[in-house]
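Peer 1: my_file.tsv is reproduced below (TSV, C-alpha atoms).
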chain	number	residue	atom	x	y	z
A	1	MET	CA	146.76	66.28	126.07
A	2	THR	CA	145.62	69.86	125.64
A	3	GLN	CA	142.15	71.08	124.95
A	4	PRO	CA	141.62	73.28	121.91
A	5	SER	CA	140.92	76.81	123.04
A	6	THR	CA	138.14	78.91	121.68
A	7	ASN	CA	138.41	82.63	121.47
A	8	GLN	CA	135.07	84.07	122.56
A	9	SER	CA	135.77	87.49	121.06
A	10	SER	CA	136.22	86.12	117.54
A	11	MET	CA	133.03	84.06	117.65
A	12	THR	CA	129.85	85.84	116.74
A	13	LYS	CA	126.49	84.59	117.80
A	14	THR	CA	123.98	84.79	114.98
A	15	SER	CA	120.34	84.98	115.89
A	16	SER	CA	117.65	83.78	113.58
A	17	PHE	CA	114.02	83.18	114.38
A	18	SER	CA	111.46	81.56	112.09
A	19	ALA	CA	107.71	81.36	112.32
A	20	SER	CA	104.72	81.05	110.05
A	21	PHE	CA	101.18	82.36	110.05
A	22	THR	CA	98.12	82.38	107.81
A	23	LEU	CA	96.70	85.52	106.25
A	24	ASP	CA	93.11	85.17	107.44
A	25	LYS	CA	90.37	87.45	108.76
A	26	VAL	CA	91.60	87.20	112.36
A	27	HIS	CA	95.13	88.20	111.33
A	28	TYR	CA	93.91	91.10	109.19
A	29	SER	CA	91.63	92.38	111.98
A	30	GLU	CA	94.52	92.29	114.44
A	31	CYS	CA	96.78	94.09	111.97
A	32	TYR	CA	94.24	96.87	111.53
A	33	THR	CA	93.38	97.35	115.20
A	34	GLN	CA	97.02	97.37	116.29
A	35	SER	CA	98.45	99.58	113.52
A	36	SER	CA	95.66	101.95	112.48
A	37	THR	CA	96.06	105.60	113.39
A	38	LEU	CA	92.57	106.64	112.26
A	39	GLU	CA	90.67	108.56	114.93
A	40	HIS	CA	86.94	109.19	114.77
A	41	ASN	CA	86.75	112.89	115.55
A	42	ARG	CA	85.51	116.09	113.90
A	43	LYS	CA	88.72	116.52	111.91
A	44	THR	CA	88.39	113.03	110.38
A	45	TYR	CA	84.92	113.80	109.05
A	46	PHE	CA	85.80	117.34	107.89
A	47	LYS	CA	86.02	116.54	104.15
A	48	ALA	CA	82.76	114.59	104.24
A	49	ASN	CA	80.98	117.41	106.03
A	50	ILE	CA	82.31	120.03	103.59
A	51	LEU	CA	81.15	117.98	100.59
A	52	THR	CA	77.69	117.47	102.06
A	53	VAL	CA	77.24	121.13	103.03
A	54	PHE	CA	78.56	122.32	99.68
A	55	GLY	CA	76.14	120.00	97.88
A	56	LEU	CA	73.24	121.29	99.96
A	57	ILE	CA	74.19	124.92	99.23
A	58	VAL	CA	74.39	124.18	95.50
A	59	LEU	CA	71.04	122.34	95.64
A	60	LEU	CA	69.15	124.98	97.60
A	61	PHE	CA	70.66	128.30	96.55
A	62	THR	CA	71.90	128.02	92.96
A	63	PRO	CA	70.25	127.34	89.61
A	64	VAL	CA	72.76	124.53	88.88
A	65	ASN	CA	71.39	121.20	87.72
A	66	PRO	CA	70.15	119.36	90.85
A	67	TYR	CA	71.79	116.12	89.67
A	68	ALA	CA	75.22	117.70	90.15
A	69	ALA	CA	74.26	118.85	93.65
A	70	TRP	CA	72.91	115.40	94.57
A	71	PHE	CA	76.13	113.86	93.25
A	72	VAL	CA	78.21	116.07	95.58
A	73	ILE	CA	75.89	115.26	98.51
A	74	ALA	CA	76.19	111.53	97.71
A	75	CYS	CA	80.00	111.87	97.63
A	76	GLY	CA	79.88	113.47	101.09
A	77	ILE	CA	77.71	110.66	102.46
A	78	LEU	CA	79.93	108.03	100.84
A	79	GLU	CA	83.01	109.68	102.40
A	80	THR	CA	81.31	109.63	105.82
A	81	LEU	CA	80.53	105.92	105.45
A	82	SER	CA	84.07	105.13	104.28
A	83	VAL	CA	85.53	106.78	107.39
A	84	TYR	CA	83.00	105.26	109.78
A	85	TYR	CA	83.35	101.74	108.35
A	86	HIS	CA	87.09	101.98	107.63
A	87	LYS	CA	88.10	98.77	109.46
A	88	PRO	CA	85.51	96.41	107.90
A	89	TRP	CA	86.20	97.91	104.48
A	90	TRP	CA	89.98	97.46	104.89
A	91	VAL	CA	89.64	93.88	106.19
A	92	MET	CA	87.25	92.97	103.35
A	93	ARG	CA	89.68	94.34	100.74
A	94	GLN	CA	92.47	92.23	102.25
A	95	MET	CA	90.25	89.15	102.28
A	96	LEU	CA	89.54	89.66	98.57
A	97	SER	CA	93.25	89.88	97.70
A	98	LYS	CA	95.04	86.98	96.07
A	99	ALA	CA	97.28	86.60	99.13
A	100	SER	CA	94.36	85.92	101.48
A	101	GLY	CA	94.47	82.43	102.96
A	102	SER	CA	98.12	81.84	102.11
A	103	VAL	CA	100.77	80.81	104.62
A	104	VAL	CA	103.56	83.31	105.26
A	105	LYS	CA	106.99	82.24	106.51
A	106	LEU	CA	108.55	84.89	108.74
A	107	THR	CA	112.30	84.96	109.38
A	108	ILE	CA	113.86	87.48	111.74
A	109	ASP	CA	117.66	87.63	111.74
A	110	GLU	CA	120.60	90.00	112.04
A	111	GLN	CA	119.91	91.45	108.57
A	112	GLY	CA	116.24	92.19	109.05
A	113	ILE	CA	112.77	90.76	108.71
A	114	LEU	CA	112.03	88.45	105.78
A	115	THR	CA	108.49	87.48	104.82
A	116	GLU	CA	108.02	84.79	102.20
A	117	SER	CA	104.84	83.44	100.67
A	118	PHE	CA	103.68	82.18	97.30
A	119	HIS	CA	102.70	85.71	96.27
A	120	ILE	CA	105.38	87.98	97.74
A	121	ASN	CA	108.86	87.95	99.23
A	122	THR	CA	109.97	91.06	101.10
A	123	ARG	CA	112.84	91.97	103.36
A	124	ILE	CA	112.91	94.91	105.75
A	125	LEU	CA	116.51	95.67	106.65
A	126	TRP	CA	117.26	96.78	110.19
A	127	THR	CA	119.20	99.71	108.72
A	128	ASP	CA	115.95	100.94	107.11
A	129	VAL	CA	113.87	100.61	110.29
A	130	THR	CA	113.12	104.00	111.85
A	131	VAL	CA	111.10	102.89	114.88
A	132	VAL	CA	109.61	99.71	116.32
A	133	THR	CA	106.46	100.29	118.34
A	134	GLU	CA	105.41	97.46	120.60
A	135	THR	CA	101.65	97.13	120.93
A	136	GLU	CA	99.60	94.88	123.14
A	137	LEU	CA	99.47	92.11	120.53
A	138	GLY	CA	102.50	92.73	118.30
A	139	PHE	CA	104.95	95.16	116.75
A	140	VAL	CA	104.46	98.00	114.27
A	141	ILE	CA	107.68	98.31	112.25
A	142	ASN	CA	108.14	101.75	110.64
A	143	PHE	CA	110.77	101.82	107.92
A	144	SER	CA	112.08	103.89	105.06
A	145	LEU	CA	111.73	102.82	101.43
A	146	GLY	CA	114.29	105.38	100.25
A	147	LYS	CA	113.87	108.79	98.66
A	148	SER	CA	111.24	109.94	96.18
A	149	ALA	CA	112.07	111.84	93.01
A	150	MET	CA	111.39	115.03	94.98
A	151	GLY	CA	113.95	114.03	97.63
A	152	LYS	CA	111.44	113.23	100.38
A	153	ASP	CA	111.67	110.05	102.45
A	154	ILE	CA	109.13	107.38	101.52
A	155	ALA	CA	107.96	105.79	104.75
A	156	SER	CA	106.01	102.60	105.24
A	157	LYS	CA	104.96	100.36	108.09
A	158	SER	CA	104.42	96.69	108.66
A	159	TYR	CA	102.84	94.71	111.49
A	160	ILE	CA	104.11	91.53	113.14
A	161	SER	CA	101.84	89.64	115.53
A	162	LYS	CA	103.30	88.24	118.75
A	163	ASN	CA	101.07	85.15	118.32
A	164	CYS	CA	103.64	83.49	116.08
A	165	LEU	CA	106.78	84.75	117.88
A	166	SER	CA	108.77	83.10	120.63
A	167	ASP	CA	109.88	85.04	123.72
A	168	ASP	CA	113.43	85.14	122.33
A	169	ALA	CA	112.20	86.61	119.03
A	170	ILE	CA	110.21	89.28	120.91
A	171	ALA	CA	113.29	90.21	122.94
A	172	PHE	CA	115.40	90.29	119.75
A	173	ILE	CA	112.98	92.70	118.04
A	174	ASN	CA	112.93	94.93	121.12
A	175	GLN	CA	116.75	94.92	121.12
A	176	LYS	CA	116.82	95.97	117.43
A	177	ASN	CA	114.56	99.00	118.02
A	178	PRO	CA	116.60	102.01	116.81
A	179	VAL	CA	114.88	104.30	119.30
A	180	THR	CA	116.16	102.33	122.31
A	181	THR	CA	119.64	101.53	120.96
Taking this structure as input, can you express it in the form of structure tokens?
Peer 2:
Amino acid sequence: MTQPSTNQSSMTKTSSFSASFTLDKVHYSECYTQSSTLEHNRKTYFKANILTVFGLIVLLFTPVNPYAAWFVIACGILETLSVYYHKPWWVMRQMLSKASGSVVKLTIDEQGILTESFHINTRILWTDVTVVTETELGFVINFSLGKSAMGKDIASKSYISKNCLSDDAIAFINQKNPVTT
């Protein structure tokens, strides 16, 4: 009696990893801290400073209605606050969204990364991924959305937390990074 032979070269191993997580304040805070590129330096506050100084110049040295000058000064102060409190503002906006509190099913396979929830279903194809940056707590996935009407690439990014991923899924994502392959 002979054993049926299997040809290893014709068999393909398909990898698929599934996980789920909840869109809550902890998740949103982690997403922001791990993927934000905002730096608090002089350049970041430049627009706010220009608005405030311009408003003060208009208020002190021109005969323009002082309400207009105070409006420009208030815009400068508001811009300063929006930069300084960027993280809490961003997290609060996410918490007020309709998706907040929902459970997201994450599937990572040979095609790409699929996220499914009651509110949105998206797939990031590996062919669209430009770079995968591993952070301390997860992965920032940079990908292309295609071309704009002007012919420029439209880029976007997404964050995946390692909290919900297995060691095999982490290794799979690292293997799919176009920068290292």
Peer 1: A:Trp126, A:Glu136, A:Leu96, A:His27: which is nearest Leu114 in chain A, counting all atoms listed in the file?
Peer 2: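 Using all atoms listed in the file, the shortest distance to Leu114 in chain A belongs to A:Trp126.
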Peer 1: Between range 130-173 of chain A and range 16-26 of chain A, at 7 Å or less, what are the per-residue closest atom pairs and their distances in Å? Count all atoms listed in the file, order by chain and rising residue number, and return it as a Markdown table.
Peer 2:
| residue | atom | partner | partner_atom | distance |
| --- | --- | --- | --- | --- |
| A:Cys164 | CA | A:Ala19 | CA | 5.9 |
| A:Leu165 | CA | A:Ala19 | CA | 6.6 |
| A:Ala169 | CA | A:Phe17 | CA | 6.1 |
Peer 1: How close does each residue of range 55-164 of chain A get to range 35-41 of chain A, giving the shortest atom pair and distance in Å to one decimal for every residue with an atom at most 8 Å away, counting all atoms listed in the file, sorted by chain and residue number, as a tab-separated table?
Peer 2:
residue	atom	partner	partner_atom	distance
A:Val83	CA	A:His40	CA	7.9
A:Tyr84	CA	A:His40	CA	7.5
A:Val140	CA	A:Ser35	CA	6.3
A:Tyr159	CA	A:Ser35	CA	6.9
Peer 1: Check the smallest atom-to-atom distance from each of A:Val53, A:Cys75, A:Leu125, A:Ile120 to Ser144 in chain A using only C-alpha atoms, then report the winner.
Peer 2: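 Of all the options, A:Leu125 lies closest to Ser144 in chain A.
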Peer 1: CA of Lys105 in chain A and CA of Asn121 in chain A, how far apart in Å?
Peer 2: 9.4 Å
Peer 1: Kindly compute an axis-aligned box around the listed atoms of range 73-78 of chain A, allowing 4 Å on each side, and express its centre and edge lengths in Å to one decimal as AutoDock Vina command-line options.
Peer 2:
--center_x 77.9 --center_y 111.6 --center_z 100.0 --size_x 12.1 --size_y 15.2 --size_z 12.8
Peer 1: Calculate how many Å separate CA of Ile108 in chain A from CA of Asp167 in chain A, rounding to one decimal.
Peer 2: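 Between CA of Ile108 in chain A and CA of Asp167 in chain A the gap works out to 12.9 Å.
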Peer 1: Quick one: distance from CA of Ile124 in chain A to CA of Met95 in chain A in Å, one decimal?
Peer 2: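 Value for the CA of Ile124 in chain A-CA of Met95 in chain A distance: 23.6 Å.
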Peer 1: Would you kindly return, as a list in words, each protein, DNA or RNA residue with an atom no farther than 8 Å from any atom of Val91 in chain A, considering all atoms listed in the file and excluding same-chain residues fewer than 5 positions away?
Peer 2: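 In the requested format, the answer is Lys25, Tyr28, Ser29 and Tyr32 of chain A.
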Peer 1: Convert the current residue selection to file output with C-alpha atoms, as a tab-separated table (two decimals), in the frame of the given file.
Peer 2:
chain	number	residue	atom	x	y	z
A	25	LYS	CA	90.37	87.45	108.76
A	28	TYR	CA	93.91	91.10	109.19
A	29	SER	CA	91.63	92.38	111.98
A	32	TYR	CA	94.24	96.87	111.53
Peer 1: Could you tell me which of A:Ser158, A:Gln34, A:Gly151, A:Phe118 comes closest to Val104 in chain A if we count all atoms listed in the file?
Peer 2: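 Between A:Ser158, A:Gln34, A:Gly151, A:Phe118, the residue approaching Val104 in chain A most closely is A:Phe118.
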Peer 1: Excluding range 145-150 of chain A and its own-chain neighbours fewer than 3 positions away, which residues fall within 10 Å of it when counting only C-alpha atoms? Please give them as a ChimeraX atom specification.
Peer 2: /A:124,128-129,142,153-157
Peer 1: Would you put the residues from that selection into a file with C-alpha atoms, as a PDB file, in the coordinates of the input?
Peer 2:
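New file part.pdb:
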ATOM      1  CA  ILE A 124     112.910  94.910 105.750  1.00  0.00           C
ATOM      2  CA  ASP A 128     115.950 100.940 107.110  1.00  0.00           C
ATOM      3  CA  VAL A 129     113.870 100.610 110.290  1.00  0.00           C
ATOM      4  CA  ASN A 142     108.140 101.750 110.640  1.00  0.00           C
ATOM      5  CA  ASP A 153     111.670 110.050 102.450  1.00  0.00           C
ATOM      6  CA  ILE A 154     109.130 107.380 101.520  1.00  0.00           C
ATOM      7  CA  ALA A 155     107.960 105.790 104.750  1.00  0.00           C
ATOM      8  CA  SER A 156     106.010 102.600 105.240  1.00  0.00           C
ATOM      9  CA  LYS A 157     104.960 100.360 108.090  1.00  0.00           C
TER      10      LYS A 157
END
Peer 1: Considering all atoms listed in the file, tabulate each residue of range 73-179 of chain A that lies at most 10 Å from range 54-67 of chain A along with its nearest interatomic pair and the corresponding distance in Å to one decimal; arrange the rows by chain and ascending residue number and present them as JSON lines.
Peer 2:
{"residue": "A:Ile73", "atom": "CA", "partner": "A:Gly55", "partner_atom": "CA", "distance": 4.8}
{"residue": "A:Ala74", "atom": "CA", "partner": "A:Gly55", "partner_atom": "CA", "distance": 8.5}
{"residue": "A:Cys75", "atom": "CA", "partner": "A:Gly55", "partner_atom": "CA", "distance": 9.0}
{"residue": "A:Gly76", "atom": "CA", "partner": "A:Gly55", "partner_atom": "CA", "distance": 8.2}
Peer 1: Tell me which of A:Thr33, A:Ser100, A:Asn177, A:Thr135 sits closest to Gly112 in chain A, counting all atoms listed in the file.
Peer 2: A:Asn177
Peer 1: Counting all atoms listed in the file, find the residues whose atoms lie at most 10 Å from (110.8, 91.2, 120.0) (file coordinates) and write them out as a list in words.
Peer 2: Ile108, Val132, Glu134, Gly138, Phe139, Ile160, Lys162, Leu165, Ser166, Asp167, Asp168, Ala169, Ile170, Ala171, Phe172, Ile173, Asn174, Gln175, Lys176 and Asn177 of chain A
Peer 1: Check the smallest atom-to-atom distance from each of A:Leu78, A:Met92, A:Val179, A:Leu106 to Val131 in chain A using all atoms listed in the file, then report the winner.
Peer 2: A:Val179
Peer 1: Supply range 39-50 of chain A as an mmCIF file, keeping the file's coordinate frame, with all heavy atoms built in where the input has gaps.
Peer 2:
data_model
loop_
_atom_site.group_PDB
_atom_site.id
_atom_site.type_symbol
_atom_site.label_atom_id
_atom_site.label_comp_id
_atom_site.auth_asym_id
_atom_site.auth_seq_id
_atom_site.Cartn_x
_atom_site.Cartn_y
_atom_site.Cartn_z
ATOM 1 N N GLU A 39 91.467 108.171 113.775
ATOM 2 C CA GLU A 39 90.670 108.560 114.930
ATOM 3 C C GLU A 39 89.328 109.077 114.437
ATOM 4 O O GLU A 39 89.259 109.786 113.448
ATOM 5 C CB GLU A 39 91.377 109.650 115.729
ATOM 6 C CG GLU A 39 92.683 109.213 116.330
ATOM 7 C CD GLU A 39 93.369 110.354 117.075
ATOM 8 O OE1 GLU A 39 92.692 111.333 117.432
ATOM 9 O OE2 GLU A 39 94.569 110.242 117.302
ATOM 10 N N HIS A 40 88.274 108.719 115.139
ATOM 11 C CA HIS A 40 86.940 109.190 114.770
ATOM 12 C C HIS A 40 86.648 110.471 115.559
ATOM 13 O O HIS A 40 86.145 110.432 116.665
ATOM 14 C CB HIS A 40 85.877 108.125 115.050
ATOM 15 C CG HIS A 40 85.981 106.962 114.136
ATOM 16 N ND1 HIS A 40 85.448 106.980 112.869
ATOM 17 C CD2 HIS A 40 86.562 105.756 114.271
ATOM 18 C CE1 HIS A 40 85.687 105.832 112.271
ATOM 19 N NE2 HIS A 40 86.376 105.067 113.099
ATOM 20 N N ASN A 41 87.016 111.597 114.946
ATOM 21 C CA ASN A 41 86.750 112.890 115.550
ATOM 22 C C ASN A 41 86.259 113.851 114.472
ATOM 23 O O ASN A 41 86.105 113.480 113.316
ATOM 24 C CB ASN A 41 87.988 113.431 116.270
ATOM 25 C CG ASN A 41 89.206 113.518 115.374
ATOM 26 O OD1 ASN A 41 89.083 113.637 114.151
ATOM 27 N ND2 ASN A 41 90.376 113.453 115.962
ATOM 28 N N ARG A 42 86.020 115.109 114.857
ATOM 29 C CA ARG A 42 85.510 116.090 113.900
ATOM 30 C C ARG A 42 86.444 116.294 112.716
ATOM 31 O O ARG A 42 86.004 116.453 111.584
ATOM 32 C CB ARG A 42 85.318 117.422 114.613
ATOM 33 C CG ARG A 42 83.873 117.824 114.665
ATOM 34 C CD ARG A 42 83.739 119.198 115.204
ATOM 35 N NE ARG A 42 83.538 119.092 116.642
ATOM 36 C CZ ARG A 42 83.539 120.101 117.465
ATOM 37 N NH1 ARG A 42 83.736 121.301 117.027
ATOM 38 N NH2 ARG A 42 83.329 119.917 118.730
ATOM 39 N N LYS A 43 87.734 116.279 112.977
ATOM 40 C CA LYS A 43 88.720 116.520 111.910
ATOM 41 C C LYS A 43 88.676 115.394 110.862
ATOM 42 O O LYS A 43 88.848 115.634 109.672
ATOM 43 C CB LYS A 43 90.118 116.615 112.519
ATOM 44 C CG LYS A 43 91.177 117.040 111.568
ATOM 45 C CD LYS A 43 92.513 117.191 112.276
ATOM 46 C CE LYS A 43 93.582 117.614 111.310
ATOM 47 N NZ LYS A 43 94.880 117.727 111.945
ATOM 48 N N THR A 44 88.441 114.176 111.290
ATOM 49 C CA THR A 44 88.390 113.030 110.380
ATOM 50 C C THR A 44 87.217 113.154 109.403
ATOM 51 O O THR A 44 87.335 112.789 108.240
ATOM 52 C CB THR A 44 88.262 111.723 111.185
ATOM 53 O OG1 THR A 44 89.286 111.670 112.157
ATOM 54 C CG2 THR A 44 88.377 110.512 110.293
ATOM 55 N N TYR A 45 86.122 113.675 109.874
ATOM 56 C CA TYR A 45 84.920 113.800 109.050
ATOM 57 C C TYR A 45 84.819 115.148 108.345
ATOM 58 O O TYR A 45 83.808 115.443 107.712
ATOM 59 C CB TYR A 45 83.671 113.579 109.900
ATOM 60 C CG TYR A 45 83.530 112.159 110.386
ATOM 61 C CD1 TYR A 45 83.958 111.778 111.650
ATOM 62 C CD2 TYR A 45 82.968 111.190 109.572
ATOM 63 C CE1 TYR A 45 83.830 110.478 112.092
ATOM 64 C CE2 TYR A 45 82.836 109.883 109.998
ATOM 65 C CZ TYR A 45 83.264 109.532 111.262
ATOM 66 O OH TYR A 45 83.136 108.244 111.694
ATOM 67 N N PHE A 46 85.841 115.992 108.431
ATOM 68 C CA PHE A 46 85.800 117.340 107.890
ATOM 69 C C PHE A 46 85.484 117.353 106.388
ATOM 70 O O PHE A 46 84.592 118.068 105.932
ATOM 71 C CB PHE A 46 87.119 118.070 108.169
ATOM 72 C CG PHE A 46 87.148 119.477 107.661
ATOM 73 C CD1 PHE A 46 86.444 120.469 108.316
ATOM 74 C CD2 PHE A 46 87.864 119.808 106.522
ATOM 75 C CE1 PHE A 46 86.454 121.769 107.851
ATOM 76 C CE2 PHE A 46 87.881 121.106 106.043
ATOM 77 C CZ PHE A 46 87.168 122.095 106.713
ATOM 78 N N LYS A 47 86.226 116.557 105.605
ATOM 79 C CA LYS A 47 86.020 116.540 104.150
ATOM 80 C C LYS A 47 84.600 116.080 103.800
ATOM 81 O O LYS A 47 83.950 116.662 102.922
ATOM 82 C CB LYS A 47 87.054 115.641 103.481
ATOM 83 C CG LYS A 47 86.954 115.623 101.971
ATOM 84 C CD LYS A 47 88.106 114.930 101.281
ATOM 85 C CE LYS A 47 88.223 113.494 101.609
ATOM 86 N NZ LYS A 47 89.208 112.751 100.830
ATOM 87 N N ALA A 48 84.110 115.078 104.497
ATOM 88 C CA ALA A 48 82.760 114.590 104.240
ATOM 89 C C ALA A 48 81.722 115.662 104.555
ATOM 90 O O ALA A 48 80.769 115.854 103.793
ATOM 91 C CB ALA A 48 82.497 113.340 105.074
ATOM 92 N N ASN A 49 81.924 116.351 105.657
ATOM 93 C CA ASN A 49 80.980 117.410 106.030
ATOM 94 C C ASN A 49 81.007 118.559 105.026
ATOM 95 O O ASN A 49 79.956 119.091 104.663
ATOM 96 C CB ASN A 49 81.289 117.929 107.431
ATOM 97 C CG ASN A 49 81.010 116.888 108.490
ATOM 98 O OD1 ASN A 49 80.227 115.966 108.285
ATOM 99 N ND2 ASN A 49 81.660 117.019 109.629
ATOM 100 N N ILE A 50 82.189 118.952 104.570
ATOM 101 C CA ILE A 50 82.310 120.030 103.590
ATOM 102 C C ILE A 50 81.602 119.648 102.288
ATOM 103 O O ILE A 50 80.867 120.445 101.703
ATOM 104 C CB ILE A 50 83.794 120.381 103.330
ATOM 105 C CG1 ILE A 50 84.400 121.029 104.572
ATOM 106 C CG2 ILE A 50 83.954 121.266 102.115
ATOM 107 C CD1 ILE A 50 83.783 122.359 104.950
#
